[in-house]
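A.B. asks: This is run-v8.cif, which holds mmCIF, C-alpha atoms:
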data_target
#
loop_
_atom_site.label_atom_id
_atom_site.label_comp_id
_atom_site.auth_asym_id
_atom_site.auth_seq_id
_atom_site.Cartn_x
_atom_site.Cartn_y
_atom_site.Cartn_z
CA MET A 17 0.00 0.00 0.00
CA HIS A 18 1.22 3.50 -0.85
CA PHE A 19 0.14 7.05 -0.26
CA HIS A 20 0.97 10.22 -2.17
CA LEU A 21 2.54 13.49 -1.04
CA ARG A 22 2.07 16.63 -3.10
CA LEU A 23 3.06 20.24 -2.57
CA ILE A 24 0.22 22.78 -2.69
CA PRO A 25 1.44 25.63 -4.92
CA ALA A 26 2.30 28.94 -3.20
CA VAL A 27 1.80 27.60 0.33
CA ALA A 28 3.70 25.39 2.72
CA ALA A 29 2.56 23.76 5.94
CA ALA A 30 4.02 22.20 9.04
CA CYS A 31 2.30 19.05 10.20
CA LEU A 32 3.07 16.35 12.70
CA LEU A 33 1.16 13.10 12.50
CA VAL A 34 1.17 11.16 15.74
CA SER A 35 -0.48 7.97 16.85
CA CYS A 36 -3.26 8.24 19.44
CA GLY A 37 -5.54 6.04 21.53
CA GLY A 38 -7.90 5.99 24.54
CA GLY A 39 -7.80 5.71 28.28
CA GLY A 40 -8.96 6.86 31.68
CA GLY A 41 -9.58 5.40 35.09
CA THR A 42 -12.25 4.38 37.51
CA ASP A 43 -12.96 5.60 41.00
CA PRO A 44 -11.47 3.17 43.55
CA GLY A 45 -13.82 4.51 46.22
CA ALA A 46 -13.05 5.95 49.60
CA PHE A 47 -10.39 4.49 51.86
CA PRO A 48 -12.27 3.62 55.08
CA ASN A 49 -10.29 3.51 58.30
CA PRO A 50 -12.93 3.94 61.00
CA ASP A 51 -11.00 2.49 63.93
CA ASN A 52 -7.36 3.09 62.87
CA THR A 53 -6.74 -0.67 62.88
CA SER A 54 -6.26 -0.71 59.10
CA SER A 55 -4.79 1.59 56.49
CA ALA A 56 -5.63 1.76 52.82
CA GLY A 57 -4.58 3.47 49.62
CA VAL A 58 -4.24 3.19 45.86
CA ALA A 59 -1.32 2.52 43.48
CA VAL A 60 -1.41 4.52 40.25
CA ASP A 61 0.22 4.46 36.83
CA GLY A 62 -3.22 4.05 35.60
CA TYR A 63 -4.57 1.92 38.44
CA LEU A 64 -2.14 -0.93 39.16
CA ARG A 65 -3.74 -4.31 39.71
CA GLY A 66 -1.94 -7.36 41.01
CA SER A 67 0.91 -5.25 42.39
CA THR A 68 2.70 -5.97 45.65
CA VAL A 69 2.62 -3.16 48.22
CA LEU A 70 5.27 -3.26 50.94
CA CYS A 71 5.04 -1.59 54.33
CA ASP A 72 8.70 -0.62 54.29
CA SER A 73 9.41 -0.45 58.01
CA ASN A 74 13.20 -0.20 57.67
CA GLY A 75 13.15 2.04 54.58
CA ASN A 76 15.40 -0.11 52.39
CA GLY A 77 12.82 -0.66 49.64
CA MET A 78 12.93 -4.46 49.96
CA ALA A 79 10.53 -6.90 51.56
CA ASP A 80 12.45 -8.22 54.57
CA SER A 81 11.39 -10.81 57.13
CA GLY A 82 8.58 -9.49 59.31
CA GLU A 83 7.53 -6.67 56.97
CA GLN A 84 3.93 -6.65 55.74
CA THR A 85 3.03 -6.98 52.07
CA VAL A 86 -0.41 -6.89 50.47
CA GLY A 87 -1.72 -7.02 46.92
CA THR A 88 -3.70 -4.48 44.92
CA GLY A 89 -7.15 -5.12 43.48
CA ARG A 90 -8.40 -4.35 40.00
CA THR A 91 -8.68 -0.63 40.79
CA GLY A 92 -5.27 -0.39 42.44
CA ARG A 93 -6.68 -0.38 45.96
CA PHE A 94 -4.92 -2.06 48.88
CA VAL A 95 -5.56 -2.41 52.62
CA PHE A 96 -3.11 -3.10 55.45
CA GLU A 97 -4.44 -4.83 58.57
CA PRO A 98 -2.99 -3.96 61.00
CA ALA A 99 -2.35 -0.43 59.76
CA CYS A 100 1.01 0.49 58.23
CA SER A 101 2.65 3.59 59.66
CA ALA A 102 5.78 3.44 57.47
CA GLY A 103 6.49 4.45 53.88
CA LEU A 104 5.06 2.28 51.13
CA VAL A 105 6.61 0.66 48.04
CA ALA A 106 4.62 -0.84 45.14
CA TYR A 107 6.00 -3.04 42.36
CA GLY A 108 4.86 -5.66 39.88
CA GLY A 109 1.32 -6.02 38.55
CA SER A 110 -0.05 -4.21 35.53
CA SER A 111 -1.86 -1.02 34.56
CA VAL A 112 -5.60 -1.39 34.03
CA ASP A 113 -5.42 1.44 31.47
CA THR A 114 -2.70 0.10 29.18
CA GLY A 115 -2.69 -3.59 30.12
CA LEU A 116 1.10 -3.42 30.33
CA ALA A 117 3.21 -4.90 33.11
CA PHE A 118 4.35 -2.17 35.47
CA VAL A 119 8.07 -1.41 35.31
CA GLY A 120 9.84 -0.01 38.38
CA ALA A 121 9.12 0.49 42.06
CA ILE A 122 7.02 3.46 43.13
CA ARG A 123 7.04 4.81 46.68
CA THR A 124 5.21 7.19 48.97
CA PRO A 125 6.26 8.60 52.36
CA ALA A 126 4.65 7.52 55.63
CA GLY A 127 1.07 8.74 55.80
CA GLY A 128 0.55 8.78 52.02
CA THR A 129 -2.54 7.03 50.67
CA VAL A 130 -1.50 7.39 47.00
CA ILE A 131 1.56 5.66 45.54
CA SER A 132 2.57 7.02 42.12
CA PRO A 133 5.64 8.09 40.13
CA LEU A 134 5.16 11.64 41.47
CA THR A 135 4.95 10.53 45.11
CA THR A 136 8.12 8.54 44.40
CA LEU A 137 9.93 11.84 43.81
CA VAL A 138 8.67 13.07 47.18
CA ALA A 139 9.93 9.87 48.80
CA SER A 140 13.28 10.52 47.08
CA GLY A 141 13.66 13.85 48.86
CA LEU A 142 11.75 16.56 47.00
CA THR A 143 9.06 18.58 48.70
CA GLN A 144 5.59 18.42 47.22
CA ALA A 145 5.94 22.08 46.25
CA GLN A 146 9.12 21.30 44.30
CA VAL A 147 7.45 18.43 42.41
CA LEU A 148 4.42 20.59 41.58
CA ALA A 149 6.63 23.41 40.31
CA ALA A 150 8.78 21.03 38.25
CA PHE A 151 5.75 19.57 36.48
CA ASP A 152 3.86 22.87 36.11
CA LEU A 153 1.01 21.67 38.36
CA PRO A 154 -1.25 23.84 40.54
CA ALA A 155 0.32 24.84 43.85
CA GLY A 156 -1.29 23.24 46.87
CA THR A 157 -2.16 19.92 45.21
CA ASP A 158 -1.64 17.16 47.77
CA LEU A 159 0.20 14.48 45.80
CA LEU A 160 0.10 12.05 48.72
CA THR A 161 -3.70 11.93 48.97
CA VAL A 162 -5.18 13.11 45.63
CA ASP A 163 -5.84 10.18 43.30
CA PRO A 164 -4.68 11.27 39.80
CA ALA A 165 -6.70 8.53 38.06
CA LYS A 166 -10.02 9.29 39.77
CA THR A 167 -12.90 9.98 37.39
CA THR A 168 -16.35 11.45 37.67
CA GLY A 169 -18.86 10.72 34.95
CA GLY A 170 -16.15 9.08 32.87
CA ALA A 171 -13.86 12.14 32.87
CA LEU A 172 -10.68 12.58 34.87
CA ASP A 173 -11.06 14.84 37.91
CA ASN A 174 -7.44 15.99 37.56
CA PRO A 175 -6.30 15.44 33.94
CA ALA A 176 -3.14 17.55 34.29
CA LEU A 177 -2.11 15.57 37.36
CA MET A 178 -2.74 12.29 35.55
CA ARG A 179 -0.70 13.35 32.51
CA SER A 180 2.18 14.45 34.74
CA THR A 181 2.00 11.13 36.59
CA LEU A 182 2.32 9.26 33.29
CA VAL A 183 5.11 11.57 32.08
CA ALA A 184 7.08 10.97 35.28
CA GLN A 185 6.66 7.21 34.80
CA GLN A 186 7.71 7.44 31.14
CA LEU A 187 10.94 9.23 32.01
CA LEU A 188 11.72 7.06 35.04
CA GLN A 189 11.00 3.87 33.12
CA LYS A 190 12.85 4.67 29.91
CA VAL A 191 15.98 5.92 31.65
CA ALA A 192 15.95 2.91 33.98
CA GLU A 193 15.51 0.46 31.10
CA THR A 194 18.32 2.11 29.15
CA LEU A 195 20.71 2.02 32.11
CA ALA A 196 19.82 -1.61 32.73
CA GLY A 197 20.51 -2.34 29.06
CA LEU A 198 23.94 -0.71 29.32
CA ALA A 199 24.64 -2.94 32.31
CA GLY A 200 23.41 -6.04 30.50
CA GLU A 201 20.72 -6.54 33.15
CA SER A 202 17.15 -7.50 32.36
CA ASP A 203 15.64 -8.97 35.53
CA ALA A 204 12.98 -7.05 37.44
CA THR A 205 15.13 -6.60 40.55
CA ALA A 206 17.91 -4.85 38.62
CA ILE A 207 15.46 -2.63 36.76
CA ARG A 208 13.79 -1.66 40.04
CA ALA A 209 17.21 -0.73 41.41
CA MET A 210 17.86 1.39 38.33
CA TYR A 211 14.41 2.96 38.67
CA THR A 212 15.17 4.00 42.24
CA ALA A 213 18.52 5.44 41.15
CA VAL A 214 16.75 7.47 38.45
CA ALA A 215 14.18 8.74 40.96
CA ASP A 216 16.99 9.84 43.27
CA ALA A 217 18.63 11.59 40.30
CA PHE A 218 15.34 13.38 39.62
CA ALA A 219 15.31 14.64 43.20
CA ALA A 220 18.94 15.74 43.11
CA THR A 221 18.41 17.62 39.84
CA LEU A 222 15.01 19.18 40.45
CA VAL A 223 15.91 20.43 43.92
CA SER A 224 17.52 23.39 42.12
CA GLY A 225 14.05 24.61 41.26
CA ASP A 226 14.45 24.46 37.48
CA PRO A 227 11.07 23.49 35.94
CA LEU A 228 11.00 20.26 33.96
CA ALA A 229 7.72 20.99 32.18
CA ASN A 230 6.36 24.31 30.97
CA ASN A 231 3.29 24.82 28.79
CA GLY A 232 3.39 21.28 27.46
CA GLU A 233 7.10 21.20 26.62
CA LEU A 234 9.94 19.60 28.56
CA ASP A 235 13.31 21.23 29.21
CA GLU A 236 15.94 19.07 27.54
CA ASP A 237 18.74 20.54 29.65
CA VAL A 238 16.95 19.42 32.82
CA ILE A 239 16.36 15.95 31.34
CA ALA A 240 20.02 15.71 30.32
CA GLY A 241 21.03 16.55 33.89
CA ILE A 242 18.72 13.87 35.29
CA VAL A 243 20.11 11.25 32.90
CA ALA A 244 23.71 12.19 33.70
CA ASP A 245 23.13 11.96 37.47
CA ALA A 246 21.26 8.68 37.07
CA ALA A 247 24.07 7.22 34.94
CA ASP A 248 26.61 8.08 37.64
CA ARG A 249 24.46 6.34 40.24
CA ALA A 250 23.87 3.33 37.99
CA GLN A 251 27.57 2.87 37.23
CA ALA A 252 28.21 2.82 40.96
CA LEU A 253 25.73 -0.06 41.27
CA TYR A 254 26.53 -2.09 38.15
CA THR A 255 29.40 -2.48 35.70
CA PHE A 256 28.38 -1.27 32.26
CA THR A 257 29.42 -3.41 29.31
CA SER A 258 30.94 -0.25 27.81
CA PRO A 259 31.65 2.65 30.20
CA VAL A 260 29.87 5.85 29.19
CA ASN A 261 30.44 9.52 29.85
CA SER A 262 27.35 10.41 31.88
CA GLU A 263 27.05 13.94 30.56
CA THR A 264 27.34 12.75 26.96
CA LEU A 265 24.68 10.11 27.59
CA GLY A 266 22.34 12.79 28.93
CA ILE A 267 22.83 15.00 25.88
CA VAL A 268 22.21 12.14 23.45
CA MET A 269 19.04 10.93 25.19
CA ALA A 270 17.41 14.20 26.25
CA GLY A 271 15.68 15.23 23.03
CA ALA A 272 14.24 11.78 22.35
CA LEU A 273 12.97 11.43 25.92
CA ALA A 274 11.33 14.85 25.64
CA ILE A 275 9.54 13.86 22.41
CA GLN A 276 8.09 10.72 23.98
CA ALA A 277 6.95 12.53 27.13
CA GLU A 278 5.42 15.42 25.20
CA THR A 279 3.20 13.03 23.23
CA ILE A 280 1.65 12.08 26.57
CA LEU A 281 1.29 15.69 27.71
CA SER A 282 -0.45 16.65 24.46
CA ALA A 283 -2.73 13.60 24.22
CA SER A 284 -6.46 14.09 24.57
CA GLU A 285 -8.08 12.39 27.53
CA GLY A 286 -9.67 9.79 25.28
CA ASP A 287 -6.32 8.99 23.66
CA LEU A 288 -4.23 9.00 26.81
CA ALA A 289 -4.07 5.26 27.48
CA THR A 290 -3.10 4.30 23.93
CA VAL A 291 -0.53 7.09 23.59
CA THR A 292 0.97 6.07 26.93
CA ALA A 293 1.08 2.40 25.95
CA GLU A 294 2.84 3.24 22.69
CA ALA A 295 5.39 5.38 24.51
CA GLN A 296 6.04 2.83 27.24
CA THR A 297 6.54 -0.03 24.77
CA ASN A 298 8.77 1.98 22.43
CA GLY A 299 12.27 0.56 22.86
CA GLN A 300 14.08 2.73 20.30
CA ILE A 301 15.99 4.83 22.82
CA GLU A 302 17.36 1.87 24.76
CA SER A 303 18.22 -0.02 21.56
CA PHE A 304 20.01 2.98 20.06
CA ILE A 305 22.01 3.70 23.22
CA VAL A 306 23.04 0.09 23.79
CA THR A 307 24.03 -0.32 20.13
CA ASN A 308 26.13 2.86 20.22
CA ALA A 309 27.48 2.45 23.76
CA GLY A 310 31.06 2.27 22.50
CA LEU A 311 30.73 5.84 21.15
CA LEU A 312 29.49 7.33 24.42
CA ASN A 313 32.68 7.29 26.50
CA VAL A 314 33.77 10.71 25.19
CA GLU A 315 33.45 14.24 26.48
CA PRO A 316 30.38 16.15 25.26
CA GLY A 317 30.91 17.73 21.87
CA THR A 318 30.20 17.33 18.18
CA ALA A 319 29.99 13.53 18.35
CA ALA A 320 27.34 13.68 21.09
CA ALA A 321 25.32 16.24 19.13
CA ALA A 322 25.48 14.07 16.02
CA LEU A 323 24.28 11.00 17.92
CA SER A 324 21.45 13.02 19.45
CA THR A 325 20.34 14.17 15.99
CA LEU A 326 20.49 10.61 14.64
CA LEU A 327 18.42 9.26 17.54
CA LEU A 328 15.85 12.03 17.06
CA ALA A 329 15.59 11.21 13.36
CA GLN A 330 14.98 7.53 14.12
CA LEU A 331 12.32 8.41 16.68
CA ASN A 332 10.76 11.22 14.69
CA PRO A 333 11.08 10.82 10.88
CA TYR A 334 10.59 14.07 9.01
CA LEU A 335 10.60 15.79 5.64
CA ALA A 336 12.86 18.82 5.24
CA LEU A 337 13.39 21.33 2.45
CA VAL A 338 17.00 21.69 1.31
CA ASP A 339 17.77 23.96 -1.62
CA ASP A 340 15.52 22.70 -4.43
CA GLU A 341 14.92 19.26 -2.89
CA ILE A 342 12.68 17.73 -0.24
CA ARG A 343 14.35 15.02 1.80
CA LEU A 344 12.60 12.24 3.65
CA VAL A 345 14.74 11.47 6.70
CA ASN A 346 14.06 8.27 8.60
CA GLY A 347 16.87 7.36 10.95
CA SER A 348 20.00 6.70 8.90
CA SER A 349 18.00 6.56 5.66
CA GLU A 350 17.60 9.73 3.59
CA THR A 351 15.85 10.08 0.23
CA ALA A 352 15.84 13.29 -1.84
CA TYR A 353 12.97 14.34 -4.11
CA ALA A 354 12.90 17.28 -6.50
CA PHE A 355 10.22 19.93 -6.04
CA GLU A 356 8.83 19.06 -9.44
CA GLU A 357 7.98 15.56 -8.27
CA PHE A 358 5.79 16.88 -5.48
CA GLN A 359 4.21 19.53 -7.69
CA SER A 360 3.26 17.10 -10.43
CA THR A 361 -0.20 15.63 -10.70
CA ALA A 362 1.07 12.19 -9.69
CA GLY A 363 2.92 13.45 -6.60
CA VAL A 364 5.43 11.23 -4.82
CA SER A 365 4.47 7.66 -3.92
CA LEU A 366 5.81 6.33 -0.62
CA ALA A 367 5.32 2.94 1.00
CA TRP A 368 2.64 2.90 3.69
CA PRO A 369 2.61 2.83 6.65
CA LEU A 370 5.41 5.24 7.46
CA PRO A 371 7.00 5.04 10.92
CA GLU A 372 5.14 7.19 13.42
CA PRO A 373 5.27 10.03 14.16
CA MET A 374 6.22 11.64 10.85
CA MET A 375 6.82 15.33 10.33
CA MET A 376 6.57 17.35 7.14
CA GLU A 377 8.21 20.71 7.77
CA PHE A 378 7.72 23.86 5.72
CA SER A 379 7.25 27.56 6.32
CA ILE A 380 3.80 29.10 5.81
CA SER A 381 4.19 32.38 3.95
CA ASP A 382 0.70 33.59 4.92
CA PRO A 383 -0.65 31.44 7.80
CA ALA A 384 -3.86 33.47 8.17
CA ALA A 385 -4.84 32.72 4.59
CA TYR A 386 -3.99 29.02 4.68
CA THR A 387 -6.74 26.42 5.03
CA PRO A 388 -5.72 22.74 5.28
CA VAL A 389 -7.16 20.40 2.70
CA SER A 390 -9.43 17.61 3.87
CA GLY A 391 -7.52 15.07 5.93
CA GLN A 392 -4.48 17.29 6.46
CA VAL A 393 -3.43 17.98 10.05
CA ILE A 394 -1.39 20.94 11.22
CA ALA A 395 0.14 20.66 14.69
CA LEU A 396 2.09 23.62 16.00
CA PRO A 397 4.48 23.97 17.61
CA CYS A 398 6.27 20.77 16.68
CA ARG A 399 9.72 19.61 17.71
CA SER A 400 12.28 19.10 14.95
CA PRO A 401 15.56 17.23 15.05
CA ARG A 402 18.31 19.71 15.73
CA PRO A 403 20.02 21.20 13.86
CA VAL A 404 17.11 21.78 11.45
CA VAL A 405 18.14 20.64 8.00
CA GLY A 406 16.42 23.55 6.24
CA LYS A 407 13.22 25.40 5.55
CA ALA A 408 11.60 27.05 2.58
CA SER A 409 10.55 30.67 2.83
#
Any chance you could give the structure as structure tokens?

C.D. replies:
Amino acid sequence: MHFHLRLIPAVAAACLLVSCGGGGGTDPGAFPNPDNTSSAGVAVDGYLRGSTVLCDSNGNGMADSGEQTVGTGRTGRFVFEPACSAGLVAYGGSSVDTGLAFVGAIRTPAGGTVISPLTTLVASGLTQAQVLAAFDLPAGTDLLTVDPAKTTGGALDNPALMRSTLVAQQLLQKVAETLAGLAGESDATAIRAMYTAVADAFAATLVSGDPLANNGELDEDVIAGIVADAADRAQALYTFTSPVNSETLGIVMAGALAIQAETILSASEGDLATVTAEAQTNGQIESFIVTNAGLLNVEPGTAAAALSTLLLAQLNPYLALVDDEIRLVNGSSETAYAFEEFQSTAGVSLAWPLPEPMMMEFSISDPAAYTPVSGQVIALPCRSPRPVVGKAS
């Protein structure tokens, strides 16, 4: 199957086609504790069912002899009897929204009734105010008690909080999986250890007060700092197959991580579960980093920038105007087409489906006068691989 691309004379458009899906949550109900003999809560990355929740009395994140563990139900709810007065850790199980196995180990401080990726950052040392500021969330939101997946009438009560929860998980998970790949580790225990190291790196980086998210976009410099700190921590825990320069690793990964996270931030509520599932199952970043690990033990510079651009192109294929040609860039593959081919009646025939997302980048000479043709989508602003190959004016 093929589809055809044609240039519309005298106009140019910027469009980003992304895959979408659906999602949401259900209300787990109140957490009754009438006589203080029990304590209850909910585990969220989408509600987590079949997860193990640990009453972490000694604070080491592992289930030791004598420590209570309970399981979560289909809406992520759990109950400790007798009550747990320590911090909580949840791992294993799967998300009811995406159906995917949960990766990592989320935590909440003592007294928290919600366990989520955001409460994990609080348990790692950030204040709630610092987490809220980093993720551009309303001040005063109580992350430890407000259920981000709660719905009323089928709609999320706190959609921004839910998106930020999923973004935090996406970043924690993808960095942890990549670090585990560099160490040649694939078992759940090692990945949970990496996940905790990444969460601690989040806390160490975000304590400066620099916002991670702002108006739907993520700061790549902040992400690069988180990755670099996490890599240092991971290399202290495990021996990497090929040693890497942590700062270089952060630079190479930052743009690609931002793209994945921003697809979640920009997803409609109905598409949130599918977009999240696609992001969480996308292994391109880890595969690219592990494949190119031997090139990462250098100081940041031109080589790191080139690798970052190549990873972005693989994750985000695009069309760019260069001189009198249009080039389709898809990872290491690049095909040039003359303007005349696009302007002809036949257009240019390309194999379908193209990798998603795909970007076709032009400049619009008169945006106010431009009306998309039927079926054409314009999404602005859109993130381009850097440096931009070229634009038409």

A.B. asks: Counting all atoms listed in the file, which residue out of A:Cys71, A:Leu188, A:Leu253, A:Ala126 sits closest to Thr161 (chain A)?

C.D. replies: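 Looking only at the distances to Thr161 (chain A), the closest residue turns out to be A:Ala126.
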
A.B. asks: Report, in Å with one decimal, the straight-line distance from CA of Ala215 (chain A) to CA of Ser140 (chain A).

C.D. replies: 6.4 Å

A.B. asks: Please list as a VMD selection string every residue within 10 Å of Leu311 (chain A), counting only C-alpha atoms and excluding residues in the same chain fewer than 2 positions away.

C.D. replies: chain A and resid 258 to 261 264 to 265 305 to 309 313 to 314 319 to 320 323

A.B. asks: Store the residues picked out above in a file with C-alpha atoms, as an mmCIF file, in the coordinates of the input.

C.D. replies:
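Final file, again-v2.cif:
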data_model
loop_
_atom_site.group_PDB
_atom_site.id
_atom_site.type_symbol
_atom_site.label_atom_id
_atom_site.label_comp_id
_atom_site.auth_asym_id
_atom_site.auth_seq_id
_atom_site.Cartn_x
_atom_site.Cartn_y
_atom_site.Cartn_z
ATOM 1 C CA SER A 258 30.940 -0.250 27.810
ATOM 2 C CA PRO A 259 31.650 2.650 30.200
ATOM 3 C CA VAL A 260 29.870 5.850 29.190
ATOM 4 C CA ASN A 261 30.440 9.520 29.850
ATOM 5 C CA THR A 264 27.340 12.750 26.960
ATOM 6 C CA LEU A 265 24.680 10.110 27.590
ATOM 7 C CA ILE A 305 22.010 3.700 23.220
ATOM 8 C CA VAL A 306 23.040 0.090 23.790
ATOM 9 C CA THR A 307 24.030 -0.320 20.130
ATOM 10 C CA ASN A 308 26.130 2.860 20.220
ATOM 11 C CA ALA A 309 27.480 2.450 23.760
ATOM 12 C CA ASN A 313 32.680 7.290 26.500
ATOM 13 C CA VAL A 314 33.770 10.710 25.190
ATOM 14 C CA ALA A 319 29.990 13.530 18.350
ATOM 15 C CA ALA A 320 27.340 13.680 21.090
ATOM 16 C CA LEU A 323 24.280 11.000 17.920
#

A.B. asks: Using only C-alpha atoms and a cutoff of 8 Å, can you tell me which residues are near (-8.2, -1.7, 40.1) in the file's coordinates, and write them out as JSON, numbers by chain?

C.D. replies: {"A": [42, 44, 63, 64, 65, 88, 89, 90, 91, 92, 93, 112]}

A.B. asks: Take CA of Val238 (chain A) and CA of Gln189 (chain A) and report the distance between them in Å, one decimal.

C.D. replies: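 Those two atoms sit 16.7 Å apart.
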
A.B. asks: Provide the CA of Glu97 (chain A) to CA of Asp80 (chain A) distance in Å, to one decimal place.

C.D. replies: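 Result for CA of Glu97 (chain A) versus CA of Asp80 (chain A): 17.7 Å, one decimal.
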
A.B. asks: Applying the PyMOL selection byres ((chain A and resi 206-212) around 10) to the file I just gave you, which residues come out? Please list them as a VMD selection string.

C.D. replies: chain A and resid 77 107 to 108 119 to 123 136 to 137 140 185 187 to 197 199 to 205 213 to 218 246 to 247 249 to 251 253 to 254

A.B. asks: Find the residues around Ser54 (chain A) up to 8 Å (all atoms listed in the file counted), leave out those fewer than 6 positions away in its own chain, and share them as a ChimeraX atom specification.

C.D. replies: /A:95-100

A.B. asks: For the PyMOL selection byres ((chain A and resi 240) around 12), applied here, can you spell out every residue it catches as an mmCIF file with C-alpha atoms, in the coordinates of the input?

C.D. replies:
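Generated output (part.cif):
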data_model
loop_
_atom_site.group_PDB
_atom_site.id
_atom_site.type_symbol
_atom_site.label_atom_id
_atom_site.label_comp_id
_atom_site.auth_asym_id
_atom_site.auth_seq_id
_atom_site.Cartn_x
_atom_site.Cartn_y
_atom_site.Cartn_z
ATOM 1 C CA LEU A 187 10.940 9.230 32.010
ATOM 2 C CA VAL A 191 15.980 5.920 31.650
ATOM 3 C CA ALA A 217 18.630 11.590 40.300
ATOM 4 C CA PHE A 218 15.340 13.380 39.620
ATOM 5 C CA THR A 221 18.410 17.620 39.840
ATOM 6 C CA LEU A 222 15.010 19.180 40.450
ATOM 7 C CA LEU A 228 11.000 20.260 33.960
ATOM 8 C CA LEU A 234 9.940 19.600 28.560
ATOM 9 C CA ASP A 235 13.310 21.230 29.210
ATOM 10 C CA GLU A 236 15.940 19.070 27.540
ATOM 11 C CA ASP A 237 18.740 20.540 29.650
ATOM 12 C CA VAL A 238 16.950 19.420 32.820
ATOM 13 C CA ILE A 239 16.360 15.950 31.340
ATOM 14 C CA GLY A 241 21.030 16.550 33.890
ATOM 15 C CA ILE A 242 18.720 13.870 35.290
ATOM 16 C CA VAL A 243 20.110 11.250 32.900
ATOM 17 C CA ALA A 244 23.710 12.190 33.700
ATOM 18 C CA ASP A 245 23.130 11.960 37.470
ATOM 19 C CA ALA A 246 21.260 8.680 37.070
ATOM 20 C CA ALA A 247 24.070 7.220 34.940
ATOM 21 C CA SER A 262 27.350 10.410 31.880
ATOM 22 C CA GLU A 263 27.050 13.940 30.560
ATOM 23 C CA THR A 264 27.340 12.750 26.960
ATOM 24 C CA LEU A 265 24.680 10.110 27.590
ATOM 25 C CA GLY A 266 22.340 12.790 28.930
ATOM 26 C CA ILE A 267 22.830 15.000 25.880
ATOM 27 C CA VAL A 268 22.210 12.140 23.450
ATOM 28 C CA MET A 269 19.040 10.930 25.190
ATOM 29 C CA ALA A 270 17.410 14.200 26.250
ATOM 30 C CA GLY A 271 15.680 15.230 23.030
ATOM 31 C CA ALA A 272 14.240 11.780 22.350
ATOM 32 C CA LEU A 273 12.970 11.430 25.920
ATOM 33 C CA ALA A 274 11.330 14.850 25.640
ATOM 34 C CA PRO A 316 30.380 16.150 25.260
ATOM 35 C CA ALA A 320 27.340 13.680 21.090
ATOM 36 C CA SER A 324 21.450 13.020 19.450
#

A.B. asks: I'd like the neighbourhood of Ala102 (chain A) as a list in words, where a residue qualifies if any of its atoms comes within 12 Å (using only C-alpha atoms), though same-chain residues fewer than 5 positions away should be ignored.

C.D. replies: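 After dropping sequence-adjacent residues, the list is Ser55, Val69, Leu70, Cys71, Asp72, Ser73, Asn74, Gly75, Asn76, Gly77, Glu83, Gln84, Phe96, Arg123, Thr124, Pro125, Ala126, Gly127, Gly128, Thr129 and Ala139 of chain A.
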
A.B. asks: Up to 12 Å from (-10.5, 16.0, 31.5) in the file's coordinates: name the residues, counting all atoms listed in the file, as a PDB file with C-alpha atoms, keeping the file's coordinate frame.

C.D. replies:
ATOM      1  CA  GLY A  39      -7.800   5.710  28.280  1.00  0.00           C
ATOM      2  CA  GLY A  40      -8.960   6.860  31.680  1.00  0.00           C
ATOM      3  CA  GLY A  41      -9.580   5.400  35.090  1.00  0.00           C
ATOM      4  CA  PRO A 164      -4.680  11.270  39.800  1.00  0.00           C
ATOM      5  CA  ALA A 165      -6.700   8.530  38.060  1.00  0.00           C
ATOM      6  CA  LYS A 166     -10.020   9.290  39.770  1.00  0.00           C
ATOM      7  CA  THR A 167     -12.900   9.980  37.390  1.00  0.00           C
ATOM      8  CA  THR A 168     -16.350  11.450  37.670  1.00  0.00           C
ATOM      9  CA  GLY A 169     -18.860  10.720  34.950  1.00  0.00           C
ATOM     10  CA  GLY A 170     -16.150   9.080  32.870  1.00  0.00           C
ATOM     11  CA  ALA A 171     -13.860  12.140  32.870  1.00  0.00           C
ATOM     12  CA  LEU A 172     -10.680  12.580  34.870  1.00  0.00           C
ATOM     13  CA  ASP A 173     -11.060  14.840  37.910  1.00  0.00           C
ATOM     14  CA  ASN A 174      -7.440  15.990  37.560  1.00  0.00           C
ATOM     15  CA  PRO A 175      -6.300  15.440  33.940  1.00  0.00           C
ATOM     16  CA  ALA A 176      -3.140  17.550  34.290  1.00  0.00           C
ATOM     17  CA  LEU A 177      -2.110  15.570  37.360  1.00  0.00           C
ATOM     18  CA  MET A 178      -2.740  12.290  35.550  1.00  0.00           C
ATOM     19  CA  ARG A 179      -0.700  13.350  32.510  1.00  0.00           C
ATOM     20  CA  ALA A 283      -2.730  13.600  24.220  1.00  0.00           C
ATOM     21  CA  SER A 284      -6.460  14.090  24.570  1.00  0.00           C
ATOM     22  CA  GLU A 285      -8.080  12.390  27.530  1.00  0.00           C
ATOM     23  CA  GLY A 286      -9.670   9.790  25.280  1.00  0.00           C
ATOM     24  CA  ASP A 287      -6.320   8.990  23.660  1.00  0.00           C
ATOM     25  CA  LEU A 288      -4.230   9.000  26.810  1.00  0.00           C
TER      26      LEU A 288
END

A.B. asks: Pull out every residue that the PyMOL selection byres ((chain A and resi 182-184) around 8) matches in the shown coordinates and put them as a PyMOL selection string.

C.D. replies: chain A and resi 61-62+133-134+178-181+185-188+277-278+280-281+292
